[in-house]
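Participant: My structure is in protein.txt, and what it holds is compact mmCIF, C-alpha atoms and all ligand atoms:
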```
# COMPACT_ATOMS: atom_id res chain seq x y z
CA MET A 1 -100.50 -76.28 -15.46
CA VAL A 2 -101.71 -78.04 -18.53
CA THR A 3 -104.57 -79.75 -16.76
CA SER A 4 -105.86 -76.44 -15.46
CA ILE A 5 -106.47 -75.37 -19.06
CA GLY A 6 -108.80 -78.33 -19.45
CA TYR A 7 -107.63 -79.59 -22.81
CA GLY A 8 -107.74 -83.11 -24.07
CA ILE A 9 -106.06 -84.51 -27.14
CA GLY A 10 -107.33 -87.45 -29.14
CA THR A 11 -105.46 -90.71 -28.79
CA ARG A 12 -105.18 -91.00 -32.55
CA LEU A 13 -103.66 -87.54 -32.78
CA ARG A 14 -101.23 -88.19 -29.94
CA LYS A 15 -100.10 -91.33 -31.73
CA ALA A 16 -99.81 -89.54 -35.05
CA VAL A 17 -97.69 -86.68 -33.77
CA GLY A 18 -95.87 -88.29 -30.88
CA GLN A 19 -94.85 -91.46 -32.67
CA GLY A 20 -94.24 -89.96 -36.07
CA ALA A 21 -97.07 -91.92 -37.69
CA LEU A 22 -97.82 -89.16 -40.17
CA ARG A 23 -96.33 -90.23 -43.42
CA ARG A 24 -93.21 -88.42 -44.51
CA MET A 25 -93.66 -87.15 -48.06
CA ASP A 26 -90.51 -87.11 -50.10
CA ALA A 27 -90.39 -84.91 -53.15
CA GLY A 28 -87.97 -87.21 -54.92
CA ALA A 29 -84.25 -87.15 -55.63
CA GLY A 30 -82.90 -83.81 -56.80
CA GLU A 31 -86.19 -82.02 -56.28
CA GLY A 32 -86.97 -79.06 -54.06
CA THR A 33 -88.72 -79.55 -50.81
CA CYS A 34 -91.96 -77.75 -50.00
CA ILE A 35 -92.75 -76.26 -46.58
CA ALA A 36 -96.29 -75.09 -45.80
CA VAL A 37 -96.52 -72.36 -43.16
CA ALA A 38 -99.98 -72.95 -41.80
CA ALA A 39 -102.13 -72.22 -38.76
CA GLN A 40 -105.85 -72.00 -38.42
CA LYS A 41 -105.78 -68.91 -36.24
CA GLY A 42 -105.45 -65.53 -37.91
CA GLY A 43 -102.75 -63.02 -37.09
CA VAL A 44 -100.27 -65.42 -35.46
CA GLY A 45 -97.42 -64.45 -37.78
CA LYS A 46 -97.77 -66.94 -40.64
CA THR A 47 -96.95 -64.42 -43.35
CA THR A 48 -94.19 -62.75 -41.33
CA THR A 49 -92.66 -66.16 -40.68
CA ALA A 50 -93.03 -67.36 -44.28
CA VAL A 51 -91.45 -64.16 -45.64
CA HIS A 52 -88.50 -64.09 -43.24
CA LEU A 53 -87.82 -67.81 -43.35
CA ALA A 54 -87.80 -67.58 -47.16
CA ALA A 55 -85.56 -64.50 -47.16
CA SER A 56 -83.06 -65.95 -44.68
CA LEU A 57 -82.87 -69.33 -46.44
CA ALA A 58 -82.14 -67.42 -49.66
CA GLU A 59 -79.75 -64.78 -48.32
CA ASP A 60 -77.96 -66.56 -45.50
CA HIS A 61 -78.07 -70.15 -46.72
CA GLN A 62 -77.86 -69.52 -50.50
CA LEU A 63 -80.77 -71.81 -51.21
CA GLU A 64 -82.93 -71.08 -54.28
CA VAL A 65 -86.26 -70.21 -52.67
CA LEU A 66 -89.76 -69.70 -54.03
CA LEU A 67 -92.34 -68.12 -51.72
CA ILE A 68 -95.95 -68.69 -52.76
CA ASP A 69 -98.83 -66.62 -51.39
CA LEU A 70 -101.97 -68.76 -51.05
CA ASP A 71 -103.90 -66.04 -49.21
CA ASN A 72 -106.07 -63.55 -51.05
CA GLN A 73 -104.99 -60.79 -48.64
CA GLY A 74 -101.80 -60.51 -50.72
CA HIS A 75 -99.61 -59.83 -47.69
CA VAL A 76 -96.51 -61.49 -49.12
CA ALA A 77 -96.35 -58.95 -51.94
CA SER A 78 -97.11 -56.03 -49.64
CA SER A 79 -94.48 -57.17 -47.12
CA LEU A 80 -91.91 -57.41 -49.92
CA ARG A 81 -93.07 -54.61 -52.23
CA ALA A 82 -89.74 -52.75 -52.07
CA HIS A 83 -88.00 -55.93 -53.24
CA LEU A 84 -90.27 -56.77 -56.18
CA ARG A 85 -89.01 -56.06 -59.68
CA SER A 86 -91.97 -56.80 -61.91
CA GLY A 87 -95.40 -58.39 -62.19
CA ALA A 88 -95.95 -62.02 -63.19
CA ALA A 89 -97.57 -63.23 -66.40
CA GLN A 90 -100.17 -65.16 -64.42
CA THR A 91 -101.68 -65.36 -60.96
CA VAL A 92 -101.88 -68.42 -58.73
CA SER A 93 -105.63 -68.43 -59.48
CA SER A 94 -105.19 -68.48 -63.24
CA VAL A 95 -102.68 -71.31 -62.91
CA LEU A 96 -104.93 -73.42 -60.65
CA LEU A 97 -107.99 -72.80 -62.82
CA GLY A 98 -106.14 -73.24 -66.13
CA ARG A 99 -105.09 -76.29 -68.10
CA ASP A 100 -101.30 -76.03 -67.94
CA LEU A 101 -101.06 -76.19 -64.16
CA ASP A 102 -97.53 -74.81 -64.13
CA LEU A 103 -96.97 -72.37 -61.31
CA MET A 104 -93.73 -71.09 -62.86
CA ALA A 105 -95.94 -68.74 -64.92
CA ALA A 106 -96.89 -66.91 -61.72
CA VAL A 107 -93.33 -66.51 -60.39
CA VAL A 108 -91.43 -63.21 -60.25
CA PRO A 109 -87.89 -62.54 -59.06
CA THR A 110 -87.05 -60.18 -56.19
CA ASN A 111 -83.95 -58.08 -55.62
CA ILE A 112 -83.07 -60.44 -52.76
CA PRO A 113 -80.55 -62.89 -54.19
CA HIS A 114 -82.02 -66.40 -54.70
CA LEU A 115 -85.58 -65.39 -53.70
CA SER A 116 -88.59 -65.47 -56.04
CA VAL A 117 -92.24 -65.04 -55.14
CA THR A 118 -95.75 -65.17 -56.54
CA GLY A 119 -97.68 -61.91 -56.70
CA ALA A 120 -100.77 -60.80 -54.83
CA ASP A 121 -103.93 -62.58 -55.99
CA ARG A 122 -107.15 -61.01 -54.76
CA GLN A 123 -109.20 -63.63 -56.64
CA LEU A 124 -108.02 -66.53 -54.50
CA SER A 125 -111.21 -66.84 -52.42
CA ASN A 126 -113.35 -66.93 -55.57
CA THR A 127 -110.94 -69.44 -57.02
CA GLU A 128 -111.24 -71.61 -53.92
CA ALA A 129 -115.02 -71.69 -54.39
CA GLN A 130 -114.69 -72.52 -58.10
CA LEU A 131 -112.26 -75.35 -57.42
CA ALA A 132 -114.57 -76.99 -54.89
CA SER A 133 -116.38 -78.98 -57.57
CA ARG A 134 -113.23 -80.15 -59.40
CA ILE A 135 -112.12 -83.77 -59.32
CA GLY A 136 -108.77 -84.03 -57.58
CA ARG A 137 -109.27 -80.55 -56.13
CA GLU A 138 -106.84 -81.10 -53.24
CA LEU A 139 -104.03 -82.14 -55.59
CA LEU A 140 -103.96 -79.17 -57.99
CA LEU A 141 -101.16 -77.23 -56.33
CA ARG A 142 -99.02 -80.33 -55.95
CA ARG A 143 -99.31 -80.91 -59.70
CA ALA A 144 -98.69 -77.22 -60.47
CA LEU A 145 -95.40 -77.29 -58.54
CA ARG A 146 -93.74 -80.03 -60.59
CA SER A 147 -91.48 -77.75 -62.63
CA ALA A 148 -90.93 -75.29 -59.76
CA ARG A 149 -89.48 -78.18 -57.72
CA ARG A 150 -86.80 -78.69 -60.36
CA ARG A 151 -85.91 -74.98 -60.35
CA PHE A 152 -85.97 -74.27 -56.58
CA ASP A 153 -84.37 -75.91 -53.54
CA VAL A 154 -87.17 -74.81 -51.23
CA ILE A 155 -90.77 -73.78 -51.87
CA ILE A 156 -92.50 -72.03 -48.98
CA LEU A 157 -96.29 -71.70 -48.91
CA ASP A 158 -97.95 -68.90 -46.95
CA CYS A 159 -101.36 -70.42 -46.19
CA PRO A 160 -104.56 -68.50 -45.37
CA PRO A 161 -105.94 -68.46 -41.80
CA ASN A 162 -108.38 -71.35 -42.22
CA LEU A 163 -108.40 -75.03 -43.14
CA GLY A 164 -110.16 -74.51 -46.47
CA LEU A 165 -109.32 -75.93 -49.87
CA LEU A 166 -106.31 -73.67 -50.49
CA THR A 167 -104.71 -74.70 -47.20
CA LEU A 168 -105.52 -78.35 -47.99
CA ASN A 169 -103.82 -77.91 -51.38
CA GLY A 170 -100.83 -76.46 -49.54
CA LEU A 171 -100.67 -79.33 -47.06
CA VAL A 172 -100.98 -81.95 -49.78
CA ALA A 173 -98.25 -80.25 -51.83
CA ALA A 174 -95.88 -79.90 -48.89
CA GLU A 175 -93.40 -82.39 -47.47
CA ARG A 176 -93.33 -80.45 -44.22
CA VAL A 177 -95.52 -78.06 -42.29
CA LEU A 178 -94.29 -75.29 -40.02
CA VAL A 179 -96.91 -74.09 -37.57
CA PRO A 180 -96.62 -70.61 -36.06
CA CYS A 181 -98.35 -70.44 -32.71
CA ASP A 182 -98.57 -67.39 -30.48
CA LEU A 183 -98.72 -68.01 -26.75
CA SER A 184 -102.52 -67.98 -26.50
CA ILE A 185 -105.11 -70.64 -25.81
CA LEU A 186 -106.94 -69.91 -29.07
CA SER A 187 -103.79 -70.45 -31.03
CA LEU A 188 -103.24 -73.79 -29.32
CA GLU A 189 -106.77 -74.90 -30.18
CA GLY A 190 -106.04 -73.99 -33.79
CA VAL A 191 -102.89 -76.15 -33.72
CA ASP A 192 -104.93 -79.13 -32.49
CA ASP A 193 -107.40 -78.61 -35.36
CA LEU A 194 -104.57 -78.48 -37.87
CA MET A 195 -103.11 -81.71 -36.49
CA THR A 196 -106.50 -83.39 -36.81
CA THR A 197 -106.61 -82.22 -40.44
CA LEU A 198 -103.16 -83.76 -41.05
CA GLY A 199 -104.44 -87.03 -39.61
CA ASN A 200 -107.51 -86.85 -41.88
CA LEU A 201 -105.40 -86.16 -44.96
CA ASP A 202 -103.23 -89.14 -44.17
CA THR A 203 -106.30 -91.35 -43.76
CA MET A 204 -108.28 -90.06 -46.74
CA LEU A 205 -105.57 -89.24 -49.29
CA GLY A 206 -102.66 -91.30 -48.02
CA ARG A 207 -100.47 -88.23 -47.82
CA ALA A 208 -99.77 -85.59 -45.21
CA PRO A 209 -96.73 -83.46 -44.55
CA GLU A 210 -94.37 -84.22 -41.74
CA LEU A 211 -94.58 -81.74 -38.85
CA LEU A 212 -91.42 -79.65 -39.21
CA GLY A 213 -92.27 -77.98 -35.96
CA LEU A 214 -94.29 -75.52 -33.99
CA VAL A 215 -92.71 -72.12 -33.62
CA HIS A 216 -93.81 -69.75 -30.91
CA THR A 217 -94.35 -66.34 -32.46
CA ARG A 218 -95.09 -62.83 -31.22
CA VAL A 219 -93.82 -63.82 -27.80
CA ASP A 220 -94.11 -60.99 -25.31
CA ARG A 221 -91.32 -62.00 -23.00
CA ARG A 222 -92.78 -59.86 -20.17
CA ASN A 223 -95.82 -62.20 -19.76
CA LYS A 224 -93.76 -64.80 -17.97
CA ARG A 225 -96.54 -66.68 -16.17
CA GLN A 226 -98.97 -66.96 -19.09
CA ASN A 227 -96.13 -67.84 -21.45
CA ALA A 228 -94.97 -70.63 -19.13
CA THR A 229 -98.50 -72.08 -18.95
CA ILE A 230 -98.99 -72.20 -22.71
CA ARG A 231 -95.44 -73.39 -23.34
CA SER A 232 -95.92 -76.36 -21.04
CA ALA A 233 -99.31 -77.20 -22.62
CA VAL A 234 -97.74 -77.15 -26.08
CA ALA A 235 -94.69 -79.11 -24.93
CA GLU A 236 -96.88 -81.82 -23.39
CA ARG A 237 -98.93 -82.33 -26.53
CA TYR A 238 -96.21 -81.89 -29.11
CA ALA A 239 -93.06 -83.05 -27.36
CA GLY A 240 -90.09 -83.06 -29.71
CA HIS A 241 -91.91 -80.87 -32.24
CA VAL A 242 -91.56 -77.46 -30.62
CA LEU A 243 -88.71 -75.48 -32.12
CA ALA A 244 -86.16 -74.02 -29.72
CA THR A 245 -86.30 -70.69 -31.53
CA GLU A 246 -89.00 -68.28 -30.42
CA ILE A 247 -89.92 -65.11 -32.27
CA GLY A 248 -90.34 -62.25 -29.83
CA VAL A 249 -92.61 -59.28 -30.25
CA ASN A 250 -90.55 -56.66 -32.03
CA THR A 251 -91.97 -53.43 -33.43
CA ASP A 252 -89.21 -53.32 -36.04
CA ILE A 253 -90.96 -56.28 -37.71
CA SER A 254 -94.12 -54.26 -38.34
CA GLY A 255 -91.95 -51.21 -39.11
CA ALA A 256 -90.18 -53.13 -41.86
CA GLN A 257 -93.52 -54.29 -43.30
CA LEU A 258 -94.60 -50.66 -43.37
CA VAL A 259 -91.82 -49.84 -45.83
CA GLY A 260 -92.26 -53.10 -47.78
CA LYS A 261 -88.91 -54.58 -46.80
CA THR A 262 -87.72 -57.58 -44.86
CA ILE A 263 -86.46 -56.83 -41.39
CA PHE A 264 -83.04 -57.99 -42.62
CA ALA A 265 -83.02 -55.13 -45.13
CA ALA A 266 -84.73 -52.50 -42.98
CA TYR A 267 -83.32 -53.21 -39.52
CA PRO A 268 -80.59 -55.86 -39.86
CA ASN A 269 -79.49 -55.54 -36.24
CA ALA A 270 -82.97 -55.73 -34.71
CA ARG A 271 -83.89 -58.50 -32.30
CA GLY A 272 -86.56 -59.68 -34.76
CA ALA A 273 -83.90 -60.11 -37.46
CA ASP A 274 -81.82 -62.25 -35.10
CA ASP A 275 -84.87 -64.34 -34.18
CA TYR A 276 -85.75 -65.05 -37.79
CA ARG A 277 -82.14 -65.86 -38.72
CA ALA A 278 -82.10 -68.32 -35.80
CA LEU A 279 -85.35 -69.85 -37.04
CA ALA A 280 -83.89 -70.37 -40.52
CA ASP A 281 -80.78 -71.96 -38.97
CA GLU A 282 -82.95 -74.33 -36.95
CA VAL A 283 -85.06 -75.24 -39.97
CA VAL A 284 -81.90 -76.00 -41.95
CA SER A 285 -80.58 -78.12 -39.09
CA ARG A 286 -83.84 -80.11 -39.05
CA ILE A 287 -84.16 -80.62 -42.80
CA TRP A 288 -80.54 -80.72 -43.93
CA PRO A 289 -78.43 -81.62 -40.86
CA ALA A 290 -75.32 -82.17 -43.00
CA ARG A 291 -75.61 -78.73 -44.61
CA HIS A 292 -76.08 -77.13 -41.21
CA ALA A 293 -73.06 -78.88 -39.74
CA ALA A 294 -70.93 -77.70 -42.68
CA ALA A 295 -71.98 -74.02 -42.33
CA PRO A 296 -69.39 -71.72 -40.77
CA ALA A 297 -70.32 -70.52 -37.28
CA ALA A 298 -71.87 -67.03 -37.25
N1 LIG B 1 -92.84 -60.82 -33.92
C1 LIG B 1 -93.66 -59.81 -34.19
N2 LIG B 1 -93.55 -58.63 -33.52
C2 LIG B 1 -94.37 -57.61 -33.78
N3 LIG B 1 -95.34 -57.64 -34.70
C3 LIG B 1 -95.51 -58.79 -35.40
C4 LIG B 1 -94.69 -59.92 -35.18
N4 LIG B 1 -95.10 -60.90 -36.01
C5 LIG B 1 -96.12 -60.41 -36.71
N5 LIG B 1 -96.38 -59.13 -36.35
C6 LIG B 1 -97.44 -58.27 -36.86
O1 LIG B 1 -98.67 -58.90 -36.60
C7 LIG B 1 -99.56 -58.75 -37.69
C8 LIG B 1 -99.99 -60.16 -38.15
O2 LIG B 1 -98.85 -60.82 -38.65
P1 LIG B 1 -98.98 -61.75 -39.94
O3 LIG B 1 -99.64 -61.01 -41.05
O4 LIG B 1 -97.64 -62.31 -40.21
O5 LIG B 1 -99.94 -62.86 -39.38
P2 LIG B 1 -100.76 -63.96 -40.21
O6 LIG B 1 -100.88 -65.15 -39.34
O7 LIG B 1 -100.15 -64.15 -41.55
O8 LIG B 1 -102.15 -63.21 -40.37
P3 LIG B 1 -103.38 -63.75 -41.28
O9 LIG B 1 -104.00 -64.84 -40.50
O10 LIG B 1 -104.25 -62.53 -41.43
O11 LIG B 1 -102.81 -64.20 -42.57
C9 LIG B 1 -98.83 -57.95 -38.74
O12 LIG B 1 -99.24 -56.61 -38.63
C10 LIG B 1 -97.37 -58.09 -38.37
O13 LIG B 1 -96.65 -56.94 -38.69
MG MG B 2 -101.01 -64.05 -43.45
```
Kindly present the structure from the file in C-alpha cells form.
Ligand SMILES: Nc1ncnc2c1ncn2[C@@H]1O[C@H](COP(=O)(O)OP(=O)(O)OP(=O)(O)O)[C@@H](O)[C@H]1O
Ligand SMILES: [Mg+2]
Facilitator:
Amino acid sequence: MVTSIGYGIGTRLRKAVGQGALRRMDAGAGEGTCIAVAAQKGGVGKTTTAVHLAASLAEDHQLEVLLIDLDNQGHVASSLRAHLRSGAAQTVSSVLLGRDLDLMAAVVPTNIPHLSVTGADRQLSNTEAQLASRIGRELLLRRALRSARRRFDVIILDCPPNLGLLTLNGLVAAERVLVPCDLSILSLEGVDDLMTTLGNLDTMLGRAPELLGLVHTRVDRRNKRQNATIRSAVAERYAGHVLATEIGVNTDISGAQLVGKTIFAAYPNARGADDYRALADEVVSRIWPARHAAAPAA
C-alpha cells in the first residue's frame, strides 16, 4: 500500500507532473531531439539504459543517434569499448570549458550503424567545479549541442548520479527526460527529488524537459510483493508517466558490459536484449507515434 510507505508529494509537483504543467521544450523544426537519462540514485541502470536505448534506436529504428557521457566514471565508453573505432579530438570537458562550445569536436563513430558517442572524460567532476562560477553555467551544454542537433535525429545524455551542474546542463539541454527507477524506496525518493528539480528549472529558467517516462529497471521478478508495493506507489504519484516496458534483472547485461559490447551484439537472444528493444519501441511510440505506427511488426 502506498500509504504504508508514508510518502507525501508536494501539491505543486503533483500539478506539474500530473497535469503536464512542465513546459515542453521543442528543439525546432528539422532538429534532433535530446533525451536526458537521469536519476539521482546511483546504480539504477542509467548508463545501461542510455547505451541500449541509443543502440536500439540506431540499429533497429535507423535513427542517427549521438550518445553523450556526462559522467566522469566513463561507463559509456567502457560499456561500448569493443564498438569504438577511435578517440575524439576533444573531450566534453574541453568543449564546455572552451570558447567554441561545439560538442561535435568530442564525437566519435562506433561500428554500430548510425551510432556515435563521446569518449570517457575523467575530468568532468573538476570541470563541473570550474563551471560553477560561469555566467549561464546551466546553459552551456544546450549551446554546445546546436550543430549536433542538425547532424543527429536523437541525442541521448547519460547523466551522473546526482543533481549537480552537469545533470542540470543535461536537463536544460533536453526536450525529454527518461528516469530509470529500480523497485526500491530509495530510488523512488530520488525520482521525487528529480521532479522537484524539474519544477525548479521551470520556475527559475523557464525551461524544463517533458517527462518522457519512468522506466522500472533491474526488476527481480521473483520479489512479487515488494515489486507490487513500489509499483503502486510509483503509479499513484506518476500516473500516465510509467512506461509499460520493464527491464528485468539479466546477468547477460553485465556479461555484455564485461566484454565491452551491447547485449544486442553479445547476446542478441537474451531476455535483456528483448527488454531493451521493447523500451526503444515504446520510446519511439511516445515521441514519434507516426513513425512507430509505420514500422513493420517484429
Ligand atoms: N537489468 C540489469 N540486469 C543485471 N544487471 C544490470 C542491469 N542493469 C544494470 N545492471 C548492472 O548494474 C550495474 C549498474 O548499472 P549502471 O552502470 O547502468 O547504473 P547507473 O545508474 O548508470 O550507475 P551510476 O549511478 O554509477 O552511474 C552495472 O554493473 C550493470 O551491469
Ligand atoms: Mg552511470
Participant: If you count only C-alpha atoms, which residues fall within 8 Å of region 225-234 of chain A, apart from same-chain ones fewer than 4 positions away, as a VMD selection string?
Facilitator: chain A and resid 1 to 2 183 to 185 188 219 221 238 to 239 242
Participant: Go through A:Ser133, A:Gln90, A:Thr118, A:Thr262 and flag the residue nearest Ala105 (chain A), using only C-alpha atoms for the distances.
Facilitator: A:Gln90
Participant: Would you kindly return, as number ranges by chain, each protein, DNA or RNA residue with an atom no farther than 8 Å from any atom of Arg81 (chain A), considering only C-alpha atoms and excluding same-chain residues fewer than 4 positions away?
Facilitator: A: 77, 260-261
Participant: Please, what distance in Å, to one decimal, runs between atom P1 of ligand LIG 1 (chain B) and CA of Ala50 (chain A)?
Facilitator: 9.3 Å
Participant: In Å to one decimal, how far is CA of His61 (chain A) from CA of Leu145 (chain A)?
Facilitator: 22.2 Å
Participant: Given all atoms listed in the file as the basis, pick out the residue of A:Val117, A:Ala106, A:Ala54, A:Leu186 nearest to Leu84 (chain A).
Facilitator: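 Among the listed residues, A:Val117 lies closest to Leu84 (chain A).
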Participant: Dump the neighbourhood of ligand LIG 1 (chain B) as a VMD selection string: all residues within 6 Å, distances computed on only C-alpha atoms and all ligand atoms.
Facilitator: chain A and resid 42 to 48 160 to 161 217 to 218 247 to 251 253 to 254
Participant: Hey, which of A:Ala36, A:Cys159, A:Ile135, A:Val108 ends up closest to ligand MG 2 (chain B)? Count only C-alpha atoms and all ligand atoms.
Facilitator: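 Ranked by minimum distance to ligand MG 2 (chain B), first place goes to A:Cys159.
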Participant: Quick one: everything within 8 Å of Arg149 (chain A), counting all atoms listed in the file, minus sequence neighbours fewer than 6 positions away in the same chain. Send it as JSON, numbers by chain.
Facilitator: {"A": [31, 32, 33, 155]}
Participant: For each of A:Gln40, A:Gln73, A:Ser285, A:Thr49, take the minimum atom-to-atom distance to Asn162 (chain A), counting all atoms listed in the file, then give the residue where this is smallest.
Facilitator: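 When distances to Asn162 (chain A) are compared using all atoms listed in the file, the smallest one comes from A:Gln40.
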Participant: Hey, can you check how far CA of Arg143 (chain A) sits from CA of Leu57 (chain A)?
Facilitator: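 Those two atoms sit 24.1 Å apart.
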Participant: Rank nothing, just name the residue among A:Arg222, A:His75, A:His52, A:Arg237 nearest to ligand MG 2 (chain B), using all atoms listed in the file.
Facilitator: A:His75
Participant: Here is a test: counting all atoms listed in the file, which residue of A:Val154, A:Val65, A:Val107, A:Ala256 is nearest to Glu175 (chain A)?
Facilitator: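 With all atoms listed in the file as the atom set, the closest residue is A:Val154.
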Participant: What's around Leu178 (chain A) at 10 Å? Count all atoms listed in the file, leave out sequence neighbours fewer than 6 positions away in its own chain, and write the answer as a ChimeraX atom specification.
Facilitator: /A:35-39,46,49-50,156-157,209-215,241,243,283
Participant: Excluding same-chain residues fewer than 3 positions from Ala270 (chain A), what lies within 9 Å of it counting only C-alpha atoms, as a compact mmCIF listing (two decimals) with C-alpha atoms, keeping the file's coordinate frame?
Facilitator:
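And here's part_5.txt as it stands now:
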```
# COMPACT_ATOMS: atom_id res chain seq x y z
CA ASN A 250 -90.55 -56.66 -32.03
CA ASP A 252 -89.21 -53.32 -36.04
CA ILE A 253 -90.96 -56.28 -37.71
CA ILE A 263 -86.46 -56.83 -41.39
CA PHE A 264 -83.04 -57.99 -42.62
CA TYR A 267 -83.32 -53.21 -39.52
CA ALA A 273 -83.90 -60.11 -37.46
CA ASP A 274 -81.82 -62.25 -35.10
CA ASP A 275 -84.87 -64.34 -34.18
```
Participant: Give me region 108-129 of chain A with N, CA and C atoms filled in, as a PDB file, in the frame of the given file.
Facilitator:
```
ATOM      1  N   VAL A 108     -92.246 -64.382 -59.912  1.00  0.00           N
ATOM      2  CA  VAL A 108     -91.430 -63.210 -60.250  1.00  0.00           C
ATOM      3  C   VAL A 108     -90.193 -63.174 -59.350  1.00  0.00           C
ATOM      4  N   PRO A 109     -89.092 -62.639 -59.895  1.00  0.00           N
ATOM      5  CA  PRO A 109     -87.890 -62.540 -59.060  1.00  0.00           C
ATOM      6  C   PRO A 109     -88.006 -61.360 -58.082  1.00  0.00           C
ATOM      7  N   THR A 110     -87.164 -61.344 -57.076  1.00  0.00           N
ATOM      8  CA  THR A 110     -87.050 -60.180 -56.190  1.00  0.00           C
ATOM      9  C   THR A 110     -85.617 -59.679 -56.269  1.00  0.00           C
ATOM     10  N   ASN A 111     -85.346 -58.537 -55.629  1.00  0.00           N
ATOM     11  CA  ASN A 111     -83.950 -58.080 -55.620  1.00  0.00           C
ATOM     12  C   ASN A 111     -83.167 -58.701 -54.460  1.00  0.00           C
ATOM     13  N   ILE A 112     -83.795 -59.660 -53.769  1.00  0.00           N
ATOM     14  CA  ILE A 112     -83.070 -60.440 -52.760  1.00  0.00           C
ATOM     15  C   ILE A 112     -82.480 -61.642 -53.481  1.00  0.00           C
ATOM     16  N   PRO A 113     -81.155 -61.789 -53.449  1.00  0.00           N
ATOM     17  CA  PRO A 113     -80.550 -62.890 -54.190  1.00  0.00           C
ATOM     18  C   PRO A 113     -81.183 -64.239 -53.833  1.00  0.00           C
ATOM     19  N   HIS A 114     -81.486 -65.029 -54.837  1.00  0.00           N
ATOM     20  CA  HIS A 114     -82.020 -66.400 -54.700  1.00  0.00           C
ATOM     21  C   HIS A 114     -83.482 -66.477 -54.265  1.00  0.00           C
ATOM     22  N   LEU A 115     -84.174 -65.345 -54.150  1.00  0.00           N
ATOM     23  CA  LEU A 115     -85.580 -65.390 -53.700  1.00  0.00           C
ATOM     24  C   LEU A 115     -86.531 -64.947 -54.809  1.00  0.00           C
ATOM     25  N   SER A 116     -87.495 -65.817 -55.126  1.00  0.00           N
ATOM     26  CA  SER A 116     -88.590 -65.470 -56.040  1.00  0.00           C
ATOM     27  C   SER A 116     -89.909 -65.654 -55.308  1.00  0.00           C
ATOM     28  N   VAL A 117     -90.946 -64.982 -55.814  1.00  0.00           N
ATOM     29  CA  VAL A 117     -92.240 -65.040 -55.140  1.00  0.00           C
ATOM     30  C   VAL A 117     -93.361 -65.099 -56.182  1.00  0.00           C
ATOM     31  N   THR A 118     -94.571 -65.398 -55.702  1.00  0.00           N
ATOM     32  CA  THR A 118     -95.750 -65.170 -56.540  1.00  0.00           C
ATOM     33  C   THR A 118     -96.382 -63.862 -56.086  1.00  0.00           C
ATOM     34  N   GLY A 119     -97.105 -63.214 -57.008  1.00  0.00           N
ATOM     35  CA  GLY A 119     -97.680 -61.910 -56.700  1.00  0.00           C
ATOM     36  C   GLY A 119     -98.983 -62.021 -55.929  1.00  0.00           C
ATOM     37  N   ALA A 120     -99.496 -60.839 -55.536  1.00  0.00           N
ATOM     38  CA  ALA A 120    -100.770 -60.800 -54.830  1.00  0.00           C
ATOM     39  C   ALA A 120    -101.887 -61.298 -55.755  1.00  0.00           C
ATOM     40  N   ASP A 121    -102.829 -62.017 -55.186  1.00  0.00           N
ATOM     41  CA  ASP A 121    -103.930 -62.580 -55.990  1.00  0.00           C
ATOM     42  C   ASP A 121    -105.226 -62.427 -55.206  1.00  0.00           C
ATOM     43  N   ARG A 122    -105.920 -61.333 -55.498  1.00  0.00           N
ATOM     44  CA  ARG A 122    -107.150 -61.010 -54.760  1.00  0.00           C
ATOM     45  C   ARG A 122    -108.311 -61.922 -55.148  1.00  0.00           C
ATOM     46  N   GLN A 123    -108.119 -62.730 -56.183  1.00  0.00           N
ATOM     47  CA  GLN A 123    -109.200 -63.630 -56.640  1.00  0.00           C
ATOM     48  C   GLN A 123    -109.182 -64.974 -55.922  1.00  0.00           C
ATOM     49  N   LEU A 124    -108.219 -65.168 -55.022  1.00  0.00           N
ATOM     50  CA  LEU A 124    -108.020 -66.530 -54.500  1.00  0.00           C
ATOM     51  C   LEU A 124    -109.237 -67.105 -53.780  1.00  0.00           C
ATOM     52  N   SER A 125    -110.028 -66.236 -53.086  1.00  0.00           N
ATOM     53  CA  SER A 125    -111.210 -66.840 -52.420  1.00  0.00           C
ATOM     54  C   SER A 125    -112.240 -67.287 -53.435  1.00  0.00           C
ATOM     55  N   ASN A 126    -112.431 -66.480 -54.503  1.00  0.00           N
ATOM     56  CA  ASN A 126    -113.350 -66.930 -55.570  1.00  0.00           C
ATOM     57  C   ASN A 126    -112.843 -68.218 -56.198  1.00  0.00           C
ATOM     58  N   THR A 127    -111.538 -68.248 -56.404  1.00  0.00           N
ATOM     59  CA  THR A 127    -110.940 -69.440 -57.020  1.00  0.00           C
ATOM     60  C   THR A 127    -111.192 -70.665 -56.157  1.00  0.00           C
ATOM     61  N   GLU A 128    -111.031 -70.495 -54.855  1.00  0.00           N
ATOM     62  CA  GLU A 128    -111.240 -71.610 -53.920  1.00  0.00           C
ATOM     63  C   GLU A 128    -112.668 -72.157 -54.099  1.00  0.00           C
ATOM     64  N   ALA A 129    -113.628 -71.251 -54.217  1.00  0.00           N
ATOM     65  CA  ALA A 129    -115.020 -71.690 -54.390  1.00  0.00           C
ATOM     66  C   ALA A 129    -115.185 -72.421 -55.721  1.00  0.00           C
TER      67      ALA A 129
END
```
